[in-house]
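Q: Dropping the structure in here first, questions after.
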Amino acid sequence: MKRIFVLLVAAFLMSSAGAIDTDKRFDDPKLQARYEQLISEVRCLQCQNQSIKDSNVSLAADLRREIARMIEEGKSDEDIADFLVVRYGEFALYRPRTTGKTLVLWIAPFLLVLLGVFALARVVKHRISLPIGDDSETKG
Amino acid sequence: MIPEIGQFALILALSLAIFQTVFPLVGAHRNNAAMMDVGRTAATGQFVFVAIAFVCLTYAFLTDDFSVLYVANHSQLALPTLYKVSAVWGAHEGSLLLWIFLLAAWTLAVARFSSGLPEAFAARVIGVLGFLSIGFLLFALLTSNPFARLVPAAVDGGDLNPLLQDPGLAIHPPLLYVGYVGFSVAFAFAIAAMISGDLDQRWAKWTRPWTTVAWLFLTLGIALGSWWAYYELGWGGWWFWDAVENASFMPWLIGTALIHSLAVTEKRGLFKSWTLLLAITAFSLSLLGTFLVRSGIIVSVHAFATDPTRGFFILTFLAVVVVGALVLYAWRAPSLDSDAGFGLLSRETFLLLNNVLLVVATALVLIGTLAPLVIEMASGGKISIGPPWFNIAFLVPTIPLVVLLGLGMHTAWRSQDKSAWLRTIRLPAITALVLGVVIPLLIYGRISILLFVGCAAAVWIVVLALILPIRSLFREKGTAGITRSALGMSVAHLGMGLFVIGVTVVSAFGVESDRALRPGETIEVAGYEFEMRELRNVQGPNFSAIEAEIEIRRDGDFVATLRPQKRQYLVQKNWMTEASIRAGLDKDLFVALGDQLGSNGGWSVRIQYKPLIRFIWLGALVMALGGLIAITDRRYRSKVRKTAAVDGAAAEATA
Amino acid sequence: MNRYLWPLIAVVALLVFLVMGLRHGDPRALPSPFIGKPAPQFELPTLKNPDVTIGTQHMAGNYAIVNVWATWCVMCRQEHGFLLDLAASGAIPIYGINWRDSRPEAIRWLQELGDPYLASAYDADGRVGIDWGVYGAPETFLVDPDGTVVYKHLGPLDPVIWQREFVSRMNTGGAD
């Protein structure tokens, strides 16, 4: 369920993504887009902190090739993520998968905003009830 | 000899820092003017000796003194002179010395420009800054001595990391650190207020300009870092949510909240304890950032060399400083609450909203940075949190923030009349909604929800920001014009609007293309033709490179010639791609060489079309300009003049 | 309780966590997900003779070392002397995976420096490397007689590491 939600948010954001023409491996634009999305989210394990899309080291090139192959074979994004995780662990994925541990990560933004608004509402409610005081200062 | 002088200077600086800490703090407690005066003198002395040390290290670099380990590790005979200087702060020990130097400089500035402050308060501020100096000087002398010797001396050095051999780097750390370190002043002001127990609107007024200056430098430093990463790292991105980037961004977010909170405290005397907490947090985040980047605890593209021993030292210092500050806070804060109120539609409410959203954003960045570590320690599994999470998470508080941004400027303190307010914002709202649809459609030919929100928000912010200055321009003769403070506020918000439009447009309409190219071939990207005319070898001062000449045309008309290079630096031997960019306010055309493909002479080339990307950094520049304008406001200057007159009278009286 | 103590409490918790983080070790070291699991199956042509294949099935029945190496890898040269000694002592069979290398250069390398491997598999395009989760060279895997991966070491081997990490695991007869 969370996964769908994340995908929706991502889709909402990606709906405005520009035409990226990286490393044209597929003629089908949908497959190409999937490919580019995936490689931007896989960590280059030989690098300090880059995706395999942005790195040119041998492992990055190899992994790009493997991912392209898997897309061609008709594997799903889930399958491809599993493939990488089996071999390199969750560390290989920049987008943390929504397991129990990482669920918190995906809810956190909304939770925190809600918390903040709640705290804000309490403060404002309190202040509204207090005397406003005289106008002893000008604009700032 | 010179390095030993430098080291000795640091030791002297440390002793002076001790004087600078103990005497003023004790003196303020006992109301002893002589003791308090020691603070200012010691601060000047500390600055002088730290400056000497800094000059000694620079001298060692400029004279290629490879008997100094730090120089041997990070310089080279063939290194261009500019980079010999910038190499001084290019790695851990040297950048730490830069920290110490800038802390001493800020302290000197406080000592010099605090004649308008009560003596005891100023003494405490200088004392606290001295304590911070002690910590950093000890850190340098005990664990990270930049003057450590290499025996026998090396014949030639290990070269500065080629990534850092760039004019942008020469200025980025100093700019950034001025801001980073500058939050120590707000911190010291907070501690001083908590020690004495006096925190009022005057305190907020004193603290504001110091905070704003630090903030504006941090804005510039971060923007410069982003720009530098864009053209230097070769992949065309401008922000990667890397741990080191986050380490500088978090203080900025809290610093922004602090500036706005100080406005409330100065104007209404409200939220004093909250402002205190923000002041403590901003600097704590600076310290935390220093820790994260130098301790080896986090994986990052540009973390300094990892060393847990150093990490422990910083962590201990961080603990002492922050825990001490928060203990003071828990003690003093309860007595600071005030009883003033305000209406639902008021500037106070908007500034509170600003604070809440900025704090949430900061918390999210912190979580994203530390969560991999938490999860790894809790369950053993390693995960990565990168742009896919950050980009989504960060938008959750920031979209509301950009929509609400600018409204506070047009809302009165205490209580705002609703219909007047609606009248003011009606035109900006309509303009924003219309242009939010028109700009993407008309200029770029596409629209989406996010595009609409981004463009509309940017227009909204820009129009709202321009109202006050324009009204002031067309005011009736004889009426008061806009204050510098208000003008600064408008300009800063305008900068934010420019930033938002830049980010929105480049994210939505940017085009990236990785293609194979051989000399003589042409490919088309985003309506431009890129032709590789030739490949040739070139020689640089300390590198050799393969350079491609790429000619760009549009509809057959010549646009530009770009020359991206693939460099191999002579000493470190690593290959680096040097992108070539055709910059413009309306768009950038960006070309970088990837790898050689096979033996048929082809290369993989990354070509990018980046519309409005310069607005990102222009926006930041304008924001910083706003800050600069704001601090030149009359009320900060008149105080100094008034005090000078008082001092003059006092001097006459005692003469 | 004084509600203004909350920031302090939060910070102390954060500090404790950071101390633990410092003692945790290298953030870049990636533990192998295969530890305790069966070694990934492969069958590749050998380096010296492309008509002969080598694979995981050949390793069954004994403890074995699988060493990932290449001629372009500087640290592989560093550990090569130790591998030769290890092979000479007969303590354990050593298999190599020549990872993303040039066949003629690799053969020449072994001729010049000596060949500690019972056989080296030639992984030209790195697919087997990916299957084993390799991300740098040298990497050395310890596989038990049942074909389970017991341990993976990143970086060059030396006698100290051999004793501390490999021999200890073989004696206790299984994965940690």
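Letters A, B, ... go to the chains of the structure tokens in the order shown; residues in each chain start at 1; ligands are counted from 1 in the same order.
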Excluding Gly133 of chain A and its own-chain neighbours fewer than 5 positions away, which residues fall within 10 Å of it when counting only C-alpha atoms? Please give them as a PyMOL selection string.
A: chain B and resi 268+339-342+414
Q: Report as a VMD selection string all protein, DNA and RNA residues lying within 8 Å of segment 152-167 of chain C, evaluated on only C-alpha atoms, omitting residues in the same chain fewer than 2 positions from it.
A: chain C and resid 31 to 32 35 75 to 76 78 to 79 82 to 83 136 to 142 149 to 150 169 to 171
Q: With a cut-off of 9 Å and counting only C-alpha atoms, select all residues of chain C in contact with chain B and give the selection as a list of chain:residue names.
A: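 Output check: C:Asn2, C:Arg3, C:Tyr4, C:Leu5, C:Trp6, C:Pro7, C:Leu8, C:Val11, C:Val12, C:Leu15, C:Phe17, C:Leu18, C:Val19, C:Met20, C:Gly21, C:Leu22, C:Arg23, C:His24, C:Gly25, C:Asp26, C:Pro27, C:Arg28, C:Leu30, C:Pro31.
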Q: Leaving out Asp101 of chain C and any residue of its chain fewer than 5 positions from it, which residues lie within 12 Å of it when counting only C-alpha atoms, given as a VMD selection string?
A: (chain A and resid 58) or (chain C and resid 47 68 to 73 106 to 109 120 to 126 129 137)
Q: Could you write out the selected residues, including N, CA, C and O atoms, as a PDB file, in the first residue's frame?
A:
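And here is the file that came out, again.pdb:
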ATOM      1  N   SER A  58      33.855   0.846 -14.162  1.00  0.00           N
ATOM      2  CA  SER A  58      33.495  -0.401 -14.826  1.00  0.00           C
ATOM      3  C   SER A  58      32.270  -1.049 -14.198  1.00  0.00           C
ATOM      4  O   SER A  58      31.382  -1.541 -14.893  1.00  0.00           O
TER       5      SER A  58
ATOM      6  N   LEU C  47      40.871 -19.615 -17.482  1.00  0.00           N
ATOM      7  CA  LEU C  47      41.687 -18.567 -18.080  1.00  0.00           C
ATOM      8  C   LEU C  47      42.642 -19.146 -19.119  1.00  0.00           C
ATOM      9  O   LEU C  47      42.733 -18.664 -20.250  1.00  0.00           O
ATOM     10  N   VAL C  68      39.124 -13.002  -6.184  1.00  0.00           N
ATOM     11  CA  VAL C  68      38.831 -12.169  -7.363  1.00  0.00           C
ATOM     12  C   VAL C  68      40.042 -11.280  -7.636  1.00  0.00           C
ATOM     13  O   VAL C  68      40.473 -10.534  -6.762  1.00  0.00           O
ATOM     14  N   TRP C  69      40.592 -11.383  -8.843  1.00  0.00           N
ATOM     15  CA  TRP C  69      41.821 -10.627  -9.142  1.00  0.00           C
ATOM     16  C   TRP C  69      41.815 -10.117 -10.580  1.00  0.00           C
ATOM     17  O   TRP C  69      40.987 -10.521 -11.394  1.00  0.00           O
ATOM     18  N   ALA C  70      42.752  -9.207 -10.866  1.00  0.00           N
ATOM     19  CA  ALA C  70      42.915  -8.683 -12.222  1.00  0.00           C
ATOM     20  C   ALA C  70      44.293  -8.049 -12.349  1.00  0.00           C
ATOM     21  O   ALA C  70      44.902  -7.663 -11.357  1.00  0.00           O
ATOM     22  N   THR C  71      44.759  -7.950 -13.604  1.00  0.00           N
ATOM     23  CA  THR C  71      46.100  -7.391 -13.800  1.00  0.00           C
ATOM     24  C   THR C  71      46.125  -5.891 -13.554  1.00  0.00           C
ATOM     25  O   THR C  71      47.165  -5.334 -13.240  1.00  0.00           O
ATOM     26  N   TRP C  72      44.931  -5.248 -13.687  1.00  0.00           N
ATOM     27  CA  TRP C  72      44.910  -3.796 -13.489  1.00  0.00           C
ATOM     28  C   TRP C  72      44.784  -3.431 -12.011  1.00  0.00           C
ATOM     29  O   TRP C  72      44.715  -2.279 -11.641  1.00  0.00           O
ATOM     30  N   CYS C  73      44.722  -4.438 -11.169  1.00  0.00           N
ATOM     31  CA  CYS C  73      44.486  -4.203  -9.751  1.00  0.00           C
ATOM     32  C   CYS C  73      45.805  -4.192  -8.990  1.00  0.00           C
ATOM     33  O   CYS C  73      46.484  -5.207  -8.881  1.00  0.00           O
ATOM     34  N   ALA C 106      46.450 -11.481 -18.633  1.00  0.00           N
ATOM     35  CA  ALA C 106      46.301 -12.215 -17.382  1.00  0.00           C
ATOM     36  C   ALA C 106      47.195 -13.455 -17.379  1.00  0.00           C
ATOM     37  O   ALA C 106      47.842 -13.770 -16.368  1.00  0.00           O
ATOM     38  N   ILE C 107      47.219 -14.136 -18.495  1.00  0.00           N
ATOM     39  CA  ILE C 107      48.053 -15.345 -18.583  1.00  0.00           C
ATOM     40  C   ILE C 107      49.518 -14.975 -18.404  1.00  0.00           C
ATOM     41  O   ILE C 107      50.267 -15.639 -17.671  1.00  0.00           O
ATOM     42  N   ARG C 108      49.902 -13.876 -19.039  1.00  0.00           N
ATOM     43  CA  ARG C 108      51.296 -13.448 -18.940  1.00  0.00           C
ATOM     44  C   ARG C 108      51.638 -13.068 -17.512  1.00  0.00           C
ATOM     45  O   ARG C 108      52.695 -13.366 -16.994  1.00  0.00           O
ATOM     46  N   TRP C 109      50.703 -12.399 -16.852  1.00  0.00           N
ATOM     47  CA  TRP C 109      50.857 -11.976 -15.456  1.00  0.00           C
ATOM     48  C   TRP C 109      51.164 -13.192 -14.570  1.00  0.00           C
ATOM     49  O   TRP C 109      52.076 -13.172 -13.750  1.00  0.00           O
ATOM     50  N   SER C 120      41.839 -20.607 -12.730  1.00  0.00           N
ATOM     51  CA  SER C 120      41.197 -19.291 -12.679  1.00  0.00           C
ATOM     52  C   SER C 120      40.054 -19.264 -13.683  1.00  0.00           C
ATOM     53  O   SER C 120      40.234 -19.645 -14.838  1.00  0.00           O
ATOM     54  N   ALA C 121      38.928 -18.818 -13.249  1.00  0.00           N
ATOM     55  CA  ALA C 121      37.810 -18.642 -14.170  1.00  0.00           C
ATOM     56  C   ALA C 121      37.975 -17.289 -14.850  1.00  0.00           C
ATOM     57  O   ALA C 121      38.412 -16.327 -14.232  1.00  0.00           O
ATOM     58  N   TYR C 122      37.617 -17.227 -16.127  1.00  0.00           N
ATOM     59  CA  TYR C 122      37.769 -15.976 -16.867  1.00  0.00           C
ATOM     60  C   TYR C 122      36.413 -15.290 -17.002  1.00  0.00           C
ATOM     61  O   TYR C 122      35.554 -15.714 -17.779  1.00  0.00           O
ATOM     62  N   ASP C 123      36.239 -14.240 -16.210  1.00  0.00           N
ATOM     63  CA  ASP C 123      34.965 -13.522 -16.208  1.00  0.00           C
ATOM     64  C   ASP C 123      35.162 -12.237 -17.000  1.00  0.00           C
ATOM     65  O   ASP C 123      35.439 -11.184 -16.453  1.00  0.00           O
ATOM     66  N   ALA C 124      34.992 -12.353 -18.337  1.00  0.00           N
ATOM     67  CA  ALA C 124      35.335 -11.228 -19.193  1.00  0.00           C
ATOM     68  C   ALA C 124      34.434 -10.022 -18.976  1.00  0.00           C
ATOM     69  O   ALA C 124      34.896  -8.893 -18.877  1.00  0.00           O
ATOM     70  N   ASP C 125      33.115 -10.269 -18.896  1.00  0.00           N
ATOM     71  CA  ASP C 125      32.214  -9.114 -18.845  1.00  0.00           C
ATOM     72  C   ASP C 125      31.738  -8.795 -17.443  1.00  0.00           C
ATOM     73  O   ASP C 125      30.914  -7.933 -17.240  1.00  0.00           O
ATOM     74  N   GLY C 126      32.231  -9.518 -16.457  1.00  0.00           N
ATOM     75  CA  GLY C 126      31.906  -9.162 -15.077  1.00  0.00           C
ATOM     76  C   GLY C 126      30.580  -9.697 -14.563  1.00  0.00           C
ATOM     77  O   GLY C 126      30.177  -9.385 -13.449  1.00  0.00           O
ATOM     78  N   GLY C 129      31.067 -11.735 -11.530  1.00  0.00           N
ATOM     79  CA  GLY C 129      31.441 -10.799 -10.462  1.00  0.00           C
ATOM     80  C   GLY C 129      30.200 -10.181  -9.833  1.00  0.00           C
ATOM     81  O   GLY C 129      30.056 -10.116  -8.614  1.00  0.00           O
ATOM     82  N   ALA C 137      38.509  -5.069  -6.514  1.00  0.00           N
ATOM     83  CA  ALA C 137      39.468  -6.164  -6.426  1.00  0.00           C
ATOM     84  C   ALA C 137      40.628  -5.726  -5.564  1.00  0.00           C
ATOM     85  O   ALA C 137      40.999  -4.528  -5.604  1.00  0.00           O
TER      86      ALA C 137
END
Q: Excluding same-chain residues fewer than 4 positions from segment 218-227 of chain B, what lies within 7 Å of it counting only C-alpha atoms, as a PDB file with C-alpha atoms, in the first residue's frame?
A:
ATOM      1  CA  HIS B 172      33.960  28.229  -1.599  1.00  0.00           C
ATOM      2  CA  LEU B 175      32.832  31.939   2.073  1.00  0.00           C
ATOM      3  CA  LEU B 176      31.063  28.954   3.523  1.00  0.00           C
ATOM      4  CA  VAL B 178      32.466  32.688   7.329  1.00  0.00           C
ATOM      5  CA  GLY B 179      28.813  31.744   7.564  1.00  0.00           C
ATOM      6  CA  TYR B 180      29.247  28.421   9.293  1.00  0.00           C
ATOM      7  CA  ALA B 214      26.599  34.936   8.976  1.00  0.00           C
ATOM      8  CA  TYR B 231      30.464  22.529 -13.590  1.00  0.00           C
ATOM      9  CA  TRP B 238      23.473  20.963  -8.747  1.00  0.00           C
ATOM     10  CA  TRP B 239      22.473  19.218  -5.519  1.00  0.00           C
ATOM     11  CA  TRP B 252      21.232  27.475   6.823  1.00  0.00           C
ATOM     12  CA  TRP B 617      22.412  30.714  -8.048  1.00  0.00           C
ATOM     13  CA  ALA B 620      20.796  32.820  -3.844  1.00  0.00           C
ATOM     14  CA  LEU B 621      22.921  35.849  -4.714  1.00  0.00           C
ATOM     15  CA  ALA B 624      22.340  37.344   0.177  1.00  0.00           C
TER      16      ALA B 624
END
Q: Which residues of chain B come within 7 Å of chain A, and what is each one's closest atom pair and distance in Å (one decimal), counting only C-alpha atoms, sorted by chain and residue number, as a Markdown table?
A:
| residue | atom | partner | partner_atom | distance |
| --- | --- | --- | --- | --- |
| B:Trp235 | CA | A:Asp54 | CA | 6.1 |
| B:Val299 | CA | A:Gln48 | CA | 6.4 |
| B:Ser300 | CA | A:Asn49 | CA | 5.5 |
| B:Val301 | CA | A:Gln48 | CA | 5.0 |
| B:Asp339 | CA | A:Leu130 | CA | 6.8 |
| B:Ala340 | CA | A:Ile132 | CA | 6.0 |
| B:Gly341 | CA | A:Leu130 | CA | 4.5 |
| B:Phe342 | CA | A:Ile132 | CA | 5.2 |
| B:Gly343 | CA | A:Ile128 | CA | 5.2 |
| B:Leu344 | CA | A:Ile128 | CA | 6.4 |
| B:Thr349 | CA | A:Val124 | CA | 6.9 |
| B:Val356 | CA | A:Gly116 | CA | 5.6 |
| B:Val360 | CA | A:Leu112 | CA | 6.1 |
| B:Leu364 | CA | A:Pro109 | CA | 6.6 |
| B:Lys382 | CA | A:Phe91 | CA | 4.9 |
| B:Ile383 | CA | A:Phe91 | CA | 3.9 |
| B:Ser384 | CA | A:Tyr94 | CA | 4.9 |
| B:Ile385 | CA | A:Tyr94 | CA | 5.1 |
| B:Gly386 | CA | A:Tyr94 | CA | 4.8 |
| B:Pro388 | CA | A:Arg95 | CA | 5.4 |
| B:Trp389 | CA | A:Arg95 | CA | 5.9 |
| B:Ala393 | CA | A:Pro109 | CA | 5.5 |
| B:Val396 | CA | A:Pro109 | CA | 6.3 |
| B:Pro397 | CA | A:Val113 | CA | 6.4 |
| B:Arg414 | CA | A:Ile132 | CA | 6.3 |
| B:Ser448 | CA | A:Ser16 | CA | 5.8 |
| B:Leu450 | CA | A:Leu13 | CA | 6.3 |
| B:Leu451 | CA | A:Ser16 | CA | 6.4 |
| B:Ser485 | CA | A:Gly140 | CA | 6.7 |
| B:Ala486 | CA | A:Gly140 | CA | 6.3 |
| B:Ser507 | CA | A:Ala17 | CA | 6.5 |
| B:Ala508 | CA | A:Ala17 | CA | 4.7 |
| B:Phe509 | CA | A:Gly18 | CA | 4.6 |
| B:Gly510 | CA | A:Gly18 | CA | 5.5 |
| B:Val511 | CA | A:Ile20 | CA | 5.1 |
| B:Glu512 | CA | A:Ile20 | CA | 4.9 |
| B:Ser513 | CA | A:Thr22 | CA | 4.3 |
| B:Asp514 | CA | A:Thr22 | CA | 4.4 |
| B:Arg515 | CA | A:Asp23 | CA | 5.7 |
| B:Gly594 | CA | A:Asn56 | CA | 7.0 |
Q: How would the residues just chosen look if you wrote them out with C-alpha atoms as a PDB file, in the first residue's frame?
A:
ATOM      1  CA  TRP B 235      27.473  15.254 -14.301  1.00  0.00           C
ATOM      2  CA  VAL B 299      29.936   8.038   3.289  1.00  0.00           C
ATOM      3  CA  SER B 300      30.326  11.062   1.078  1.00  0.00           C
ATOM      4  CA  VAL B 301      31.899  12.275  -2.126  1.00  0.00           C
ATOM      5  CA  ASP B 339       2.053  37.313  28.058  1.00  0.00           C
ATOM      6  CA  ALA B 340       1.553  39.209  24.844  1.00  0.00           C
ATOM      7  CA  GLY B 341      -0.995  37.974  22.352  1.00  0.00           C
ATOM      8  CA  PHE B 342      -1.724  38.315  18.675  1.00  0.00           C
ATOM      9  CA  GLY B 343      -4.568  37.649  16.278  1.00  0.00           C
ATOM     10  CA  LEU B 344      -5.016  34.689  13.995  1.00  0.00           C
ATOM     11  CA  THR B 349       1.333  33.671  12.884  1.00  0.00           C
ATOM     12  CA  VAL B 356       7.591  25.282  11.898  1.00  0.00           C
ATOM     13  CA  VAL B 360      10.475  20.213   9.858  1.00  0.00           C
ATOM     14  CA  LEU B 364      13.975  15.641   7.572  1.00  0.00           C
ATOM     15  CA  LYS B 382      23.019  -1.253   5.130  1.00  0.00           C
ATOM     16  CA  ILE B 383      20.623   0.941   3.222  1.00  0.00           C
ATOM     17  CA  SER B 384      21.093   4.020   1.145  1.00  0.00           C
ATOM     18  CA  ILE B 385      19.066   7.151   1.347  1.00  0.00           C
ATOM     19  CA  GLY B 386      19.659   9.346  -1.615  1.00  0.00           C
ATOM     20  CA  PRO B 388      14.923   9.710  -4.530  1.00  0.00           C
ATOM     21  CA  TRP B 389      13.910   9.981  -0.885  1.00  0.00           C
ATOM     22  CA  ALA B 393      10.540  14.254   1.521  1.00  0.00           C
ATOM     23  CA  VAL B 396       6.493  18.058   1.739  1.00  0.00           C
ATOM     24  CA  PRO B 397       7.232  21.018   4.031  1.00  0.00           C
ATOM     25  CA  ARG B 414      -0.615  41.912  16.199  1.00  0.00           C
ATOM     26  CA  SER B 448       1.815  19.542 -15.272  1.00  0.00           C
ATOM     27  CA  LEU B 450       4.066  20.313 -10.254  1.00  0.00           C
ATOM     28  CA  LEU B 451       5.104  22.704 -12.986  1.00  0.00           C
ATOM     29  CA  SER B 485      15.307  46.605   6.737  1.00  0.00           C
ATOM     30  CA  ALA B 486      12.086  46.264   4.785  1.00  0.00           C
ATOM     31  CA  SER B 507      13.908  20.131 -13.163  1.00  0.00           C
ATOM     32  CA  ALA B 508      10.968  19.982 -15.521  1.00  0.00           C
ATOM     33  CA  PHE B 509      12.463  21.014 -18.828  1.00  0.00           C
ATOM     34  CA  GLY B 510      16.097  20.048 -18.547  1.00  0.00           C
ATOM     35  CA  VAL B 511      17.295  17.475 -21.047  1.00  0.00           C
ATOM     36  CA  GLU B 512      20.171  15.073 -20.483  1.00  0.00           C
ATOM     37  CA  SER B 513      21.685  12.884 -23.133  1.00  0.00           C
ATOM     38  CA  ASP B 514      24.505  10.347 -22.994  1.00  0.00           C
ATOM     39  CA  ARG B 515      25.581   9.512 -26.501  1.00  0.00           C
ATOM     40  CA  GLY B 594      32.708  10.335 -20.615  1.00  0.00           C
TER      41      GLY B 594
END
Q: C:Leu86, C:Val16, C:Leu113, C:Ala39: which is nearest chain A, counting only C-alpha atoms?
A: C:Ala39
Q: Can you pull out every residue from segment 570-644 of chain B that DSSP, working from the backbone, puts in strand (DSSP E or B), and format the result as JSON, numbers by chain?
A: {"B": [575, 576, 577, 578, 580, 581, 582, 587, 588, 589, 590, 591, 592, 593, 594, 595, 596, 597, 602, 603, 604, 605, 606, 607, 608, 609, 610, 611]}
Q: At most 8 Å is the cut-off: for each residue in chain A with any atom that close to an atom of chain C, write down the nearest atom pair and the distance in Å rounded to one decimal, counting only C-alpha atoms, chain first then increasing number, as a Markdown table.
A:
| residue | atom | partner | partner_atom | distance |
| --- | --- | --- | --- | --- |
| A:Leu45 | CA | C:Tyr135 | CA | 6.1 |
| A:Gln46 | CA | C:Tyr135 | CA | 5.9 |
| A:Leu59 | CA | C:Tyr135 | CA | 6.6 |
| A:Asp62 | CA | C:Gly126 | CA | 6.8 |
| A:Leu63 | CA | C:Ile130 | CA | 7.7 |
| A:Glu66 | CA | C:Arg127 | CA | 8.0 |
| A:Val86 | CA | C:Pro33 | CA | 6.6 |
| A:Arg87 | CA | C:Gly133 | CA | 4.5 |
| A:Tyr88 | CA | C:Gly133 | CA | 5.2 |
| A:Gly89 | CA | C:Pro33 | CA | 5.8 |
Q: Include N, CA, C and O atoms and write out the residues we just selected as a short mmCIF file (atom, residue, chain, number, x, y, z; two decimals), in the first residue's frame.
A:
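Everything below was put into result_34.cif:
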data_model
loop_
_atom_site.label_atom_id
_atom_site.label_comp_id
_atom_site.auth_asym_id
_atom_site.auth_seq_id
_atom_site.Cartn_x
_atom_site.Cartn_y
_atom_site.Cartn_z
N LEU A 45 28.68 1.18 -6.42
CA LEU A 45 29.33 0.70 -5.20
C LEU A 45 30.82 0.91 -5.19
O LEU A 45 31.47 0.74 -4.17
N GLN A 46 31.37 1.23 -6.36
CA GLN A 46 32.80 1.51 -6.38
C GLN A 46 33.08 2.98 -6.10
O GLN A 46 34.23 3.37 -5.98
N LEU A 59 32.19 -1.06 -12.88
CA LEU A 59 31.06 -1.70 -12.22
C LEU A 59 29.76 -1.00 -12.58
O LEU A 59 28.72 -1.64 -12.80
N ASP A 62 28.81 -2.09 -15.98
CA ASP A 62 28.33 -3.47 -15.93
C ASP A 62 26.91 -3.54 -15.41
O ASP A 62 26.05 -4.25 -15.94
N LEU A 63 26.65 -2.83 -14.33
CA LEU A 63 25.33 -2.88 -13.73
C LEU A 63 24.28 -2.28 -14.66
O LEU A 63 23.16 -2.79 -14.76
N GLU A 66 23.47 -4.93 -17.11
CA GLU A 66 22.64 -5.98 -16.54
C GLU A 66 21.20 -5.52 -16.42
O GLU A 66 20.25 -6.26 -16.69
N VAL A 86 19.94 -9.01 -3.55
CA VAL A 86 20.50 -10.33 -3.26
C VAL A 86 22.02 -10.28 -3.33
O VAL A 86 22.71 -10.89 -2.52
N ARG A 87 22.52 -9.56 -4.30
CA ARG A 87 23.96 -9.55 -4.51
C ARG A 87 24.69 -8.50 -3.68
O ARG A 87 25.81 -8.72 -3.24
N TYR A 88 24.10 -7.33 -3.51
CA TYR A 88 24.81 -6.24 -2.87
C TYR A 88 24.14 -5.70 -1.61
O TYR A 88 24.66 -4.84 -0.94
N GLY A 89 22.99 -6.22 -1.30
CA GLY A 89 22.30 -5.74 -0.12
C GLY A 89 21.46 -4.51 -0.42
O GLY A 89 21.54 -3.94 -1.50
#
Q: Within 8 Å of Gly61 of chain C, counting only C-alpha atoms, which residues qualify if same-chain residues fewer than 3 places away don't, as JSON, numbers by chain?
A: {"C": [144, 145, 146, 147]}
Q: Can you pull out the residues contacting segment 160-171 of chain B? Cut-off 10 Å, using only C-alpha atoms, and skip same-chain residues under 4 positions away; I want them as a PyMOL selection string.
A: chain B and resi 71-76+79-80+82-91+175-176+221+224-225+227-229+231-233+302+542-543+567-569+571-578
Q: Would you please work out which residue, of B:Val622, B:Leu422, B:Ile581, B:Ile550, is nearest to Leu498 of chain B when using only C-alpha atoms?
A: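 Checking each of B:Val622, B:Leu422, B:Ile581, B:Ile550 against Leu498 of chain B, counting only C-alpha atoms, the winner is B:Val622.
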Q: To one decimal in Å, tell me the separation between atom CA of Ala456 of chain B and atom CA of Leu433 of chain B.
A: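 Computing it gives 5.6 Å between the two atoms.
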Q: Enumerate the residues of chain C with a DSSP assignment of helix (DSSP H, G or I), computed from the backbone, and present them as an NGL selection string.
A: :C and (3-23 or 56-59 or 74-89 or 103-113 or 127-131 or 159-171)
